[in-house]
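A.B. asks: What follows is a structure written as structure tokens; I'll ask about it next.
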Amino acid sequence: MSTKTLDADAVVSALSRPLPPARTALSYRAGLLVVSGLMILLGLVYLAVVGAALAFDLWLLYQAAGELRHGLRGALLLCVPLFGALLFTVFLVKPLIAPRRHERPVVSLHPTEEPFLFDFIARLARKVGAPVPDRIDVDSMINASAGLHLGMVERKNGRLVLTIGLPLAAGLSLRELTGVLAHELGHFRQGAGMRLSRLVSRVNLWLARLAFERDGWDVMLVGMSEDREQHLFTRLLLWCVRGLVSVTRLVVMGLAWLGHVMSFWLTRQMELDADRWEALVAGETTFRETSWRLRVLGAASQVAYDDLANAYREGRLADDFPAFVIDKATSLPPALVTHLETLFLESRTGLFDSHPSDAERIERVAGSGEGIFDVPGPASGLFRDFPALCKRVTLQHYRAELGVAVKVKTLVGTTEMLSQGKARSARRDDTLRYFQGLITSRRPFFLGVSGVPAPPPDALARLKAARQAFEAALPKAKEAFEKQEMAQSLRFGASAAESLVNAGVPFDATPFGIPTSNAWAIRRATERAEVLEGESAAGVAHVEKVQRARILLALASLDDAALREKAAVSDAEREKARGLVRTLFALEATAPHFAEISVFVTSFAALLDHADGHERNPVLVNHYNELMGALTDRLSLVRTSLKQTPYPYEHAAKDATLVKYLIPADDLPESAAIGGLASESYDRFRELYSRALSDLVVLAMRVEVAAGLPEVPKLPDPKEQAAAAAARRASMASSSQIAPAG
């Protein structure tokens, strides 16, 4: 796509129209003065504390030097408090010497590469009365930003940098993006505000690090003060230092919260001031449409990251991240869109929000008119070769986010990847239809055989009978599966809660689906789970037996060449299906290990979430180590079970095996990292199992249609189905006074 898709003359003409005058609100200017004074005061308080500590250090050093003239003993006695005072000072100045975070990667454009874009932004900057940016960067974020680099007082000592997120250019119209750029250029008008915001951020970072950040120095101080092998006097000294640090942190914590309140107030005022320019240029209607579109793109980017994470497990990534995001924006789940609409319409600005709510922003620009810029067309038309630029930025983004040297061969055409993803999603939907929703992620369904059996003479008749048996069992089976799922939720919640109770860690019982955080409630939940499993076992087993026979009969029937031709199943598809049956059989051998891994991971995460303040609890530490050992053992068993079983799908690594796919590490870590690895392995197990089963089910459905059976009926409306299921679960829960786990 290039500027040929835009009418350049119309763009120039639109930017030549007069812009209505806009005056900066008096409250904004007054606010800048107030915030400036308060933030300077906060910084001075912090520096005064540091200065006082340094002065005390120097006084002690002077006294020690004086005592040294009268003898070594007095000087040595003063060295002890001097050491404590110096240690305290080090804790105070840590925020000033801590390393800065790396900035996210960007691609800087040059006027010779994008002449139309640079001319467009220069004209727009002059129209809103803002300085022209010194540099224009592009990245892969769902955002645009105005930044001041390297200068704090004079613009000549700094560089005004405009950053444009390419997903915005891909997902917005030219009018919408023009409004967004006018907003960012409006920030350039806020010269004093930008410099003050930069100063406020620096001061806030210092205060927040001092108040909240804990690192190896803190751990060392706590460990030394509690080490019984240390001399008693040394321990008392270190406890005094800890006390001083704690008191200072409490004071600084109050200053940090005050600083954040002022900081966020300032940034909200700056956003509202810049919004005026967006509305005056693009119009208040477009402003409202853009605000909604940005919410949609933000949600779509999260969906895109999830999908790409799954694809990267096979060593594949989309070569055009902005295009990938835009496709996801067109197919967001209805429930997610409804949630976004609620946030868009009903959200309100909070005290610690860095940006005003959408509702407040839209209300503030009311009456701005329809703007001066109304040129139609895609925003991507501002760029000379937008697809090539997107691919260039995408590769850099992956390398920065993944922390590895992503190779070009890892990238796959975005259109191809999107097509494969949609086909996979459709197969999952078909699987739910085939089972009529009677399948749960926590209870994997396996075929129980290592290969497709030979077809019996009456295979099609048996297939039809199995289909009828499944449909006849549906009414009772739905309740059985809901009981089974509820039992599994109770077990998971009870298991995690039991870990915390055994470790002596206090916790809120509600997220774990139990009424109180004690052993009695856990035992009641476990007993209720056992009752539900007993009531549902026969019904679940019957349905799984019927469905197992149904799938295997359909696959066995593919030996019939005439039926295979009628079902449009190629020889390659039949062989692939046989391979997937072997894959499922291999996964079935590891299923018990992964079932335990899922329970251990849940307990492991619960311990980590509640470990603050209990790091030296020996019971918790022992239980934590036991879980780490259990996870290591189960992953080792998975490796032993799978050995060299090949991976059944296309993979960037030609020698990919199930072991390499499921456990993405050459060596199992001997630290807390085992929890993350086990969780990732469990997710991969579920993903691969679901994919293999779905492919077999879709083939079985085609065979049924070719055999003369009607198509599998569609599922009821998801909202009605979810409401009915929730009502049944609530009824079952109230009958035992045990709530279902989160």
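Residues in the structure tokens are numbered from 1 in each chain, the chains being A, B, ... in the order shown, and ligands are numbered from 1 in the order shown.
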May I have a table of the residues of region 389-497 of chain A lying at most 6 Å from region 297-318 of chain A, giving each one's closest pair of atoms and their distance in Å to one decimal, counting only C-alpha atoms, ordered by chain and ascending residue number, as a tab-separated table?
C.D. replies:
```
residue	atom	partner	partner_atom	distance
A:Thr410	CA	A:Arg316	CA	5.1
A:Leu411	CA	A:Leu317	CA	4.9
A:Val412	CA	A:Ala318	CA	5.1
A:Gly413	CA	A:Ala318	CA	6.0
A:Thr414	CA	A:Ala318	CA	4.8
```
A.B. asks: Mind the document's chain letters and residue numbers, and return as an MDAnalysis selection string the residues of region 501-638 of chain A that DSSP labels helix (DSSP H, G or I).
C.D. replies: chainID A and resid 501:503 510:512 519:559 561:566 571:609 618:638
A.B. asks: Could you list, as a count of residues only, every residue within 9 Å of Leu563 (chain A), counting only C-alpha atoms and ignoring same-chain residues fewer than 5 positions away?
C.D. replies: 7
A.B. asks: Report as a PyMOL selection string all protein, DNA and RNA residues lying within 9 Å of Ala529 (chain A), evaluated on only C-alpha atoms, omitting residues in the same chain fewer than 5 positions from it.
C.D. replies: chain A and resi 483-484+486-491+524+534
A.B. asks: Please produce a file of those selected residues containing N, CA and C atoms, as a tab-separated table (two decimals), in the first residue's frame.
C.D. replies:
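Output file selection-v5.tsv follows:
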```
chain	number	residue	atom	x	y	z
A	483	LYS	N	-21.47	-32.33	36.96
A	483	LYS	CA	-21.04	-32.79	38.28
A	483	LYS	C	-19.56	-33.14	38.26
A	484	GLN	N	-19.12	-33.78	37.18
A	484	GLN	CA	-17.72	-34.16	37.06
A	484	GLN	C	-16.83	-32.91	37.03
A	486	MET	N	-17.56	-29.93	38.21
A	486	MET	CA	-17.60	-29.27	39.50
A	486	MET	C	-16.71	-30.00	40.51
A	487	ALA	N	-16.72	-31.33	40.45
A	487	ALA	CA	-15.87	-32.12	41.34
A	487	ALA	C	-14.40	-31.80	41.10
A	488	GLN	N	-14.01	-31.67	39.84
A	488	GLN	CA	-12.62	-31.35	39.52
A	488	GLN	C	-12.24	-29.97	40.04
A	489	SER	N	-13.15	-29.00	39.90
A	489	SER	CA	-12.89	-27.65	40.42
A	489	SER	C	-12.72	-27.67	41.93
A	490	LEU	N	-13.58	-28.43	42.62
A	490	LEU	CA	-13.46	-28.54	44.07
A	490	LEU	C	-12.12	-29.16	44.47
A	491	ARG	N	-11.72	-30.19	43.75
A	491	ARG	CA	-10.44	-30.85	44.08
A	491	ARG	C	-9.27	-29.89	43.88
A	524	ARG	N	-14.35	-31.08	53.79
A	524	ARG	CA	-15.73	-31.06	53.30
A	524	ARG	C	-15.75	-30.92	51.78
A	534	GLY	N	-18.72	-39.88	42.31
A	534	GLY	CA	-19.45	-41.15	42.37
A	534	GLY	C	-20.78	-41.09	41.66
```
A.B. asks: With distances taken over only C-alpha atoms, which of A:Arg564, A:Arg548, A:Lys328, A:Arg392 is nearest to Tyr434 (chain A)?
C.D. replies: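 Nearest to Tyr434 (chain A): A:Arg548.
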A.B. asks: Write out as a PDB file with N, CA and C atoms, in the first residue's frame the residues lying within 9 Å of Leu351 (chain A), counting only C-alpha atoms and excluding same-chain residues fewer than 6 positions away.
C.D. replies:
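Once written, part_39.pdb looks like this:
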```
ATOM      1  N   VAL A 261      -0.290  10.524  43.115  1.00  0.00           N
ATOM      2  CA  VAL A 261      -1.569  11.229  42.951  1.00  0.00           C
ATOM      3  C   VAL A 261      -1.363  12.483  42.119  1.00  0.00           C
ATOM      4  N   PHE A 264      -0.361  11.536  38.405  1.00  0.00           N
ATOM      5  CA  PHE A 264      -1.464  11.080  37.571  1.00  0.00           C
ATOM      6  C   PHE A 264      -2.448  12.210  37.289  1.00  0.00           C
ATOM      7  N   TRP A 265      -2.611  13.124  38.263  1.00  0.00           N
ATOM      8  CA  TRP A 265      -3.462  14.281  37.979  1.00  0.00           C
ATOM      9  C   TRP A 265      -2.876  15.098  36.837  1.00  0.00           C
TER      10      TRP A 265
END
```
A.B. asks: When you count only C-alpha atoms, which of these residues is closest to Thr112 (chain A): A:Leu608, A:Phe383, A:Glu485, A:Leu54?
C.D. replies: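 Looking at the shortest contact to Thr112 (chain A), the residue is A:Phe383.
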A.B. asks: List the neighbours of Leu553 (chain A) out to 10 Å using only C-alpha atoms; skip same-chain residues closer than 4 positions along the sequence, and give me the result as a list in words.
C.D. replies: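 The contact residues come out as Val452, Pro453, Ala454, Pro455, Pro456, Asp458, Ala459, Leu460, Ala461, Arg462, Leu463, Lys464, Ala466, Gln547, Arg548, Ala549, Ser557, Leu558, Ala700, Val703 and Glu704 of chain A.
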A.B. asks: Please, which residues of region 341-547 of chain A, numbered as in this document, come out strand (DSSP E or B) from DSSP, as number ranges by chain?
C.D. replies: A: 378, 411-412, 440, 443
A.B. asks: Which of these, A:Val128, A:Ala519, A:Leu389, A:Leu631, has the shortest distance to Thr602 (chain A) once you count only C-alpha atoms?
C.D. replies: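 Of the candidates, the smallest distance to Thr602 (chain A) is held by A:Leu631.
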A.B. asks: Using only C-alpha atoms, which residue out of A:Val11, A:Arg634, A:Arg276, A:Thr290 lies closest to Leu168 (chain A)?
C.D. replies: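 Among the listed residues, A:Thr290 lies closest to Leu168 (chain A).
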A.B. asks: Can you pull out every residue within 9 Å of Gly165 (chain A), counting only C-alpha atoms, but drop anything in the same chain fewer than 5 positions away, and send it as a ChimeraX atom specification?
C.D. replies: /A:137-145,322
A.B. asks: Have a look at A:Val543, A:Leu272, A:Leu532, A:Leu382 and name the one nearest to Arg467 (chain A); count only C-alpha atoms.
C.D. replies: A:Val543
A.B. asks: Using CA of Phe507 (chain A) and CA of Asn625 (chain A) as the two end points, give the distance in Å to one decimal.
C.D. replies: 20.1 Å
A.B. asks: Figure out the distance between CA of Thr415 (chain A) and CA of Arg433 (chain A), please, to one decimal in Å.
C.D. replies: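 Value for the CA of Arg433 (chain A)-CA of Thr415 (chain A) distance: 27.0 Å.
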